[in-house]
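Student: Sharing query-v9.cif here; it has mmCIF, C-alpha atoms.
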data_protein
loop_
_atom_site.label_atom_id
_atom_site.label_comp_id
_atom_site.auth_asym_id
_atom_site.auth_seq_id
_atom_site.Cartn_x
_atom_site.Cartn_y
_atom_site.Cartn_z
CA MET T 1 50.99 -20.22 31.51
CA ARG T 2 53.00 -17.78 33.62
CA THR T 3 51.02 -14.86 32.23
CA GLY T 4 47.76 -16.55 33.16
CA ARG T 5 48.96 -17.27 36.71
CA ALA T 6 50.22 -13.72 37.11
CA GLY T 7 46.89 -12.35 35.92
CA ARG T 8 44.97 -14.59 38.32
CA ALA T 9 47.25 -13.60 41.19
CA GLY T 10 46.66 -9.96 40.31
CA GLN T 11 42.92 -10.52 40.39
CA TYR T 12 43.15 -12.15 43.81
CA LEU T 13 45.29 -9.30 45.12
CA ALA T 14 42.84 -6.74 43.77
CA LEU T 15 39.95 -8.61 45.36
CA LEU T 16 41.80 -8.82 48.67
CA ALA T 17 42.56 -5.09 48.56
CA TYR T 18 38.90 -4.37 47.85
CA LEU T 19 37.77 -6.54 50.77
CA VAL T 20 40.22 -4.77 53.08
CA PHE T 21 38.91 -1.44 51.83
CA LEU T 22 35.33 -2.47 52.62
CA ALA T 23 36.15 -4.03 55.99
CA PHE T 24 38.37 -1.23 57.29
CA PRO T 25 35.58 1.10 58.56
CA PHE T 26 33.77 -1.74 60.35
CA LEU T 27 36.95 -3.12 61.95
CA TRP T 28 37.96 0.34 63.10
CA LEU T 29 34.46 0.86 64.51
CA VAL T 30 34.70 -2.36 66.51
CA SER T 31 38.15 -1.43 67.78
CA THR T 32 36.96 2.03 68.84
CA ALA T 33 33.92 0.63 70.65
CA PHE T 34 36.15 -1.32 73.05
CA LYS T 35 38.80 1.35 73.69
CA PRO T 36 38.88 3.30 76.97
CA PRO T 37 38.89 7.13 76.83
CA GLY T 38 42.66 7.29 77.28
CA GLU T 39 43.32 5.25 74.16
CA LEU T 40 40.71 7.15 72.16
CA ALA T 41 42.56 10.39 72.86
CA SER T 42 45.97 8.91 72.09
CA LEU T 43 48.04 10.49 69.33
CA HIS T 44 49.21 7.00 68.33
CA PRO T 45 46.04 4.93 67.75
CA THR T 46 46.26 1.16 67.65
CA TRP T 47 44.17 -1.47 65.89
CA ILE T 48 43.72 -3.68 68.92
CA PRO T 49 42.71 -2.02 72.22
CA ARG T 50 45.47 -2.42 74.82
CA ASN T 51 42.95 -2.32 77.67
CA PRO T 52 39.59 -3.36 76.19
CA THR T 53 36.54 -2.27 78.14
CA LEU T 54 32.73 -2.49 78.01
CA GLU T 55 32.34 0.94 79.58
CA ASN T 56 31.43 2.52 76.25
CA PHE T 57 28.46 0.15 75.88
CA ARG T 58 27.30 0.80 79.44
CA GLN T 59 27.58 4.54 78.91
CA ALA T 60 25.77 4.37 75.55
CA PHE T 61 22.77 2.55 77.04
CA GLY T 62 22.80 4.87 80.03
CA GLU T 63 22.79 8.08 78.00
CA GLN T 64 20.31 7.24 75.25
CA PRO T 65 17.22 4.96 74.91
CA LEU T 66 18.90 2.63 72.42
CA LEU T 67 16.63 -0.36 73.06
CA ARG T 68 13.46 1.64 72.44
CA ALA T 69 14.93 3.22 69.31
CA ALA T 70 16.10 -0.18 68.07
CA ALA T 71 12.60 -1.59 68.64
CA ASN T 72 11.09 1.27 66.62
CA SER T 73 13.58 0.72 63.80
CA LEU T 74 12.96 -3.02 63.81
CA VAL T 75 9.16 -2.65 63.61
CA ILE T 76 9.42 -0.07 60.84
CA ALA T 77 12.01 -2.00 58.81
CA LEU T 78 10.17 -5.33 59.05
CA ALA T 79 6.83 -3.74 58.13
CA ALA T 80 8.35 -1.82 55.20
CA ALA T 81 10.11 -4.94 53.87
CA LEU T 82 6.95 -7.06 54.15
CA VAL T 83 4.69 -4.53 52.46
CA ALA T 84 7.22 -3.80 49.71
CA VAL T 85 7.58 -7.48 48.85
CA VAL T 86 3.83 -8.15 48.92
CA VAL T 87 3.14 -5.20 46.62
CA ALA T 88 6.13 -5.62 44.30
CA THR T 89 5.71 -9.35 43.61
CA PRO T 90 2.44 -9.22 41.61
CA MET T 91 3.57 -5.97 39.95
CA ALA T 92 6.82 -7.60 38.86
CA TYR T 93 4.93 -10.60 37.54
CA ALA T 94 2.65 -8.42 35.41
CA THR T 95 5.57 -6.35 34.13
CA ALA T 96 7.67 -9.40 33.22
CA ARG T 97 4.95 -11.52 31.62
CA HIS T 98 3.15 -8.76 29.70
CA ARG T 99 5.83 -6.87 27.80
CA THR T 100 4.11 -3.88 26.29
CA ARG T 101 5.06 -0.28 25.71
CA LEU T 102 3.41 0.57 29.00
CA SER T 103 5.47 -2.00 30.92
CA ARG T 104 8.68 -0.74 29.31
CA ALA T 105 7.72 2.82 30.20
CA VAL T 106 7.04 1.76 33.79
CA THR T 107 10.41 0.02 33.98
CA GLY T 108 12.16 3.12 32.62
CA TRP T 109 10.37 5.32 35.11
CA VAL T 110 11.38 2.99 37.93
CA VAL T 111 15.05 3.39 37.02
CA VAL T 112 14.79 7.17 36.60
CA SER T 113 12.94 7.62 39.91
CA GLN T 114 15.93 6.26 41.81
CA ALA T 115 17.91 9.33 40.77
CA PHE T 116 15.59 11.73 42.64
CA PRO T 117 17.29 13.21 45.73
CA PHE T 118 15.57 13.09 49.10
CA VAL T 119 15.32 16.87 49.31
CA LEU T 120 12.96 17.04 46.33
CA LEU T 121 10.59 14.52 47.91
CA ILE T 122 10.45 15.49 51.55
CA ILE T 123 8.11 18.51 51.19
CA PRO T 124 5.44 16.72 49.07
CA LEU T 125 5.64 13.67 51.32
CA PHE T 126 5.32 15.80 54.44
CA LEU T 127 2.23 17.58 53.08
CA ILE T 128 0.60 14.29 52.03
CA LEU T 129 1.26 12.69 55.41
CA LYS T 130 0.03 15.81 57.18
CA ASN T 131 -3.28 15.66 55.30
CA LEU T 132 -3.56 11.98 56.23
CA GLN T 133 -2.63 12.78 59.85
CA LEU T 134 0.33 10.41 59.64
CA VAL T 135 3.12 12.83 60.53
CA ASN T 136 5.02 11.74 63.64
CA THR T 137 3.70 8.18 63.34
CA LEU T 138 5.48 4.93 62.66
CA THR T 139 2.80 4.05 60.10
CA GLY T 140 3.54 7.16 58.07
CA LEU T 141 7.26 6.41 58.05
CA VAL T 142 6.56 2.83 56.94
CA LEU T 143 4.54 4.14 53.99
CA VAL T 144 7.40 6.46 53.04
CA TYR T 145 9.93 3.64 53.11
CA VAL T 146 7.65 1.39 51.08
CA VAL T 147 7.25 4.06 48.41
CA TRP T 148 10.99 4.71 48.39
CA SER T 149 12.06 1.05 48.12
CA LEU T 150 9.23 -0.15 45.86
CA PRO T 151 10.76 0.96 42.51
CA PHE T 152 14.01 -0.91 43.08
CA ALA T 153 12.13 -3.90 44.51
CA LEU T 154 9.96 -3.99 41.40
CA TRP T 155 12.97 -3.77 39.11
CA MET T 156 14.80 -6.52 40.99
CA LEU T 157 11.86 -8.93 41.14
CA THR T 158 11.05 -8.39 37.46
CA GLY T 159 14.42 -9.91 36.56
CA TYR T 160 13.76 -12.92 38.77
CA VAL T 161 10.30 -13.46 37.24
CA ARG T 162 11.77 -13.43 33.73
CA ALA T 163 14.20 -16.16 34.80
CA VAL T 164 11.28 -18.48 35.68
CA PRO T 165 10.39 -20.65 32.65
CA ALA T 166 7.01 -19.67 31.24
CA GLU T 167 6.41 -23.34 30.34
CA LEU T 168 5.79 -24.14 34.02
CA GLU T 169 3.00 -21.59 34.17
CA GLU T 170 1.54 -22.80 30.89
CA ALA T 171 1.45 -26.34 32.25
CA ALA T 172 -0.33 -25.14 35.38
CA ALA T 173 -2.82 -23.21 33.23
CA VAL T 174 -3.55 -26.37 31.22
CA ASP T 175 -4.34 -28.12 34.51
CA GLY T 176 -6.94 -25.44 35.21
CA ALA T 177 -5.08 -23.07 37.55
CA GLY T 178 -5.94 -19.39 37.36
CA ARG T 179 -3.51 -16.47 37.30
CA ALA T 180 -3.65 -15.96 41.06
CA ARG T 181 -3.14 -19.66 41.77
CA ILE T 182 -0.24 -19.83 39.32
CA LEU T 183 1.44 -16.86 40.97
CA VAL T 184 1.00 -18.26 44.49
CA SER T 185 1.64 -21.98 43.90
CA VAL T 186 4.04 -22.05 40.94
CA THR T 187 5.89 -18.77 40.49
CA ALA T 188 6.22 -17.54 44.08
CA PRO T 189 8.12 -20.61 45.37
CA LEU T 190 10.62 -20.26 42.53
CA LEU T 191 11.00 -16.58 43.37
CA ALA T 192 12.01 -17.28 46.98
CA PRO T 193 15.68 -16.22 46.42
CA GLY T 194 14.59 -13.01 44.71
CA ILE T 195 11.98 -12.28 47.37
CA ALA T 196 14.60 -12.85 50.09
CA ALA T 197 17.07 -10.50 48.39
CA THR T 198 14.39 -7.86 47.84
CA ALA T 199 13.19 -8.11 51.44
CA MET T 200 16.76 -7.71 52.68
CA PHE T 201 17.24 -4.64 50.50
CA ALA T 202 14.01 -3.05 51.79
CA PHE T 203 14.87 -3.93 55.39
CA ILE T 204 18.40 -2.49 55.28
CA THR T 205 17.17 0.63 53.49
CA ALA T 206 14.57 1.28 56.19
CA TRP T 207 16.90 0.28 59.04
CA ASN T 208 19.68 2.67 57.99
CA GLU T 209 17.57 5.58 56.71
CA PHE T 210 18.04 8.84 58.59
CA PHE T 211 16.71 11.87 56.71
CA PHE T 212 13.00 10.97 56.50
CA ALA T 213 12.99 9.73 60.09
CA LEU T 214 14.57 12.97 61.31
CA VAL T 215 12.00 15.15 59.55
CA LEU T 216 8.83 13.09 60.09
CA LEU T 217 9.31 11.86 63.67
CA LYS T 218 9.36 14.56 66.32
CA THR T 219 8.41 12.67 69.49
CA PRO T 220 11.53 11.22 71.20
CA GLU T 221 9.65 8.00 72.04
CA LYS T 222 9.11 7.32 68.33
CA GLN T 223 12.57 8.12 66.99
CA THR T 224 14.53 5.45 65.17
CA LEU T 225 18.04 4.24 65.93
CA PRO T 226 19.91 6.33 63.29
CA VAL T 227 18.31 9.49 64.69
CA VAL T 228 19.15 8.58 68.28
CA LEU T 229 22.78 7.98 67.29
CA THR T 230 23.10 11.69 66.46
CA HIS T 231 22.40 12.48 70.11
CA PHE T 232 25.96 11.41 70.88
CA LEU T 233 27.12 14.52 69.02
CA GLY T 234 27.46 17.64 71.13
CA ALA T 235 26.06 21.05 70.29
CA GLU T 236 29.40 22.08 68.81
CA GLY T 237 29.73 18.91 66.73
CA VAL T 238 32.09 17.18 69.15
CA ALA T 239 31.34 13.45 69.23
CA ASP T 240 31.29 11.29 72.33
CA LEU T 241 33.37 8.86 70.33
CA GLY T 242 33.44 5.79 72.57
CA PRO T 243 29.68 5.48 73.25
CA LEU T 244 28.91 6.51 69.67
CA ALA T 245 31.10 3.72 68.29
CA ALA T 246 29.57 1.21 70.69
CA ALA T 247 26.02 2.19 69.72
CA ALA T 248 26.87 2.22 66.00
CA PHE T 249 28.43 -1.24 66.31
CA LEU T 250 25.25 -2.58 67.90
CA ALA T 251 23.20 -0.92 65.15
CA THR T 252 25.04 -2.91 62.47
CA ILE T 253 24.35 -6.31 64.05
CA PRO T 254 20.75 -6.83 62.74
CA SER T 255 21.80 -6.22 59.14
CA LEU T 256 24.71 -8.64 59.46
CA VAL T 257 22.52 -11.30 61.07
CA ILE T 258 19.82 -11.03 58.40
CA PHE T 259 22.38 -11.19 55.60
CA ALA T 260 24.02 -14.25 57.18
CA ILE T 261 20.65 -16.00 57.39
CA ILE T 262 19.51 -15.44 53.81
CA GLN T 263 22.81 -15.18 51.95
CA LYS T 264 22.45 -18.76 50.65
CA ARG T 265 19.10 -17.89 49.09
CA ILE T 266 20.58 -14.77 47.52
CA THR T 267 23.48 -16.73 46.04
CA GLY T 268 21.12 -19.39 44.73
CA GLY T 269 18.93 -16.74 43.18
CA MET T 270 21.85 -15.15 41.39
CA LEU T 271 22.93 -18.49 39.95
CA ALA T 272 19.36 -19.32 38.94
CA GLY T 273 18.93 -15.96 37.27
CA ALA T 274 22.11 -16.46 35.27
CA VAL T 275 20.83 -19.67 33.62
CA LYS T 276 18.93 -19.27 30.39
CA HIS T 277 16.10 -21.72 29.73
#
Show me this structure written as structure tokens.
Tutor:
Amino acid sequence: MRTGRAGRAGQYLALLAYLVFLAFPFLWLVSTAFKPPGELASLHPTWIPRNPTLENFRQAFGEQPLLRAAANSLVIALAAALVAVVVATPMAYATARHRTRLSRAVTGWVVVSQAFPFVLLIIPLFLILKNLQLVNTLTGLVLVYVVWSLPFALWMLTGYVRAVPAELEEAAAVDGAGRARILVSVTAPLLAPGIAATAMFAFITAWNEFFFALVLLKTPEKQTLPVVLTHFLGAEGVADLGPLAAAAFLATIPSLVIFAIIQKRITGGMLAGAVKH
């Protein structure tokens, strides 16, 4: 009995330590965003600002076009998430319901493709977008993000489709429903948790992505928020720490809000996917 309690207490302590490890960068970012310059330069930093101020936020908005960059990032991330989900859902259905050598090969390729580094892809993507006249356009960047997030979205949704009982689809087919109607009216509603999780993954990937946006977007009016955040770094690599922390803190808010909204669906989808029918 004592051994079991000690083991459980150890698990809780390990979990608590892991949560602290994950939360430390964000908490330090929030603390830095509200510190005045004098405290930022102090040799004895503190967790809680002694004289909290909003000057860093005012300076951040005054120095860089954060609202315009945030609007660009929001449009790109929402469009990429929507397109990725719309394309991946029927693909995942076909892969899960028709298990052939080809579908297994596609699944294997999906997993392997995630190991490709960005550097290997940027030159071919740039040439393709240049031929399509989509360099330095938000549309071109959306297509890049869709292509980048689609393999993982397909892999994730395939698991959710396999968790849906095939008997429901067979019953709908007996009633005269076609494949498209079954997918829209029967399978898609049951895939809502998986679709929500996949959409969140695609959104956060596009919202936080930096490298493709830096290379493909040259006009300042079209730059995304991660690219604009680098403008707080001086030519010699010296960071304007206060405004940078304030802007970075604001950049994390959309991801946190979206996760808070759909986290119940994600949890429900995980539990549903763990049940065998």
Student: Considering only C-alpha atoms, state which residue in the set T:Leu120, T:Glu63, T:Val144, T:Pro36 is at the smallest distance from T:Arg50.
Tutor: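 Nearest to T:Arg50: T:Pro36.
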Student: Find the spatial neighbours of stretch 21-31 of chain T, counting only C-alpha atoms, within a cut-off of 12 Å - ignore same-chain residues fewer than 4 positions away - and output them as a PyMOL selection string.
Tutor: chain T and resi 14-17+35-36+39-40+45-54+56-57+241-253+256
Student: Which of these residues is nearest to T:Ile122, using only C-alpha atoms: T:Ala80, T:Leu216, T:Val142, T:Leu13?
Tutor: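 Among T:Ala80, T:Leu216, T:Val142, T:Leu13, it is T:Leu216 that comes nearest to T:Ile122.
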Student: Could you give me the axis-aligned bounding box of stretch 181-196 of chain T, with 6 Å of padding per side, as centre plus edge lengths in Å to one decimal, as lines of an AutoDock Vina configuration file?
Tutor:
center_x = 6.3
center_y = -17.2
center_z = 44.7
size_x = 30.8
size_y = 21.8
size_z = 22.8
Student: List the neighbours of stretch 153-155 of chain T out to 7 Å using all atoms listed in the file; skip same-chain residues closer than 4 positions along the sequence, and give me the result as JSON, numbers by chain.
Tutor: {"T": [88, 91, 92, 107, 149, 159, 198]}
Student: Considering all atoms listed in the file, can you say which of T:Leu43, T:Ala70, T:Ala166, T:Ala171 comes closest to T:Leu225?
Tutor: T:Ala70
Student: Just how far from atom CA of T:Leu82 is atom CA of T:Phe152, in Å to one decimal?
Tutor: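 It comes out at 14.5 Å.
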Student: Just the number, please: distance in Å from atom CA of T:Ile128 to atom CA of T:Ile204, one decimal.
Tutor: 24.7 Å
Student: What is the distance, in Å and to one decimal place, between atom CA of T:Ala206 and atom CA of T:Ala96?
Tutor: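 Taking atom CA of T:Ala206 as the start and atom CA of T:Ala96 as the end point, the length is 26.3 Å.
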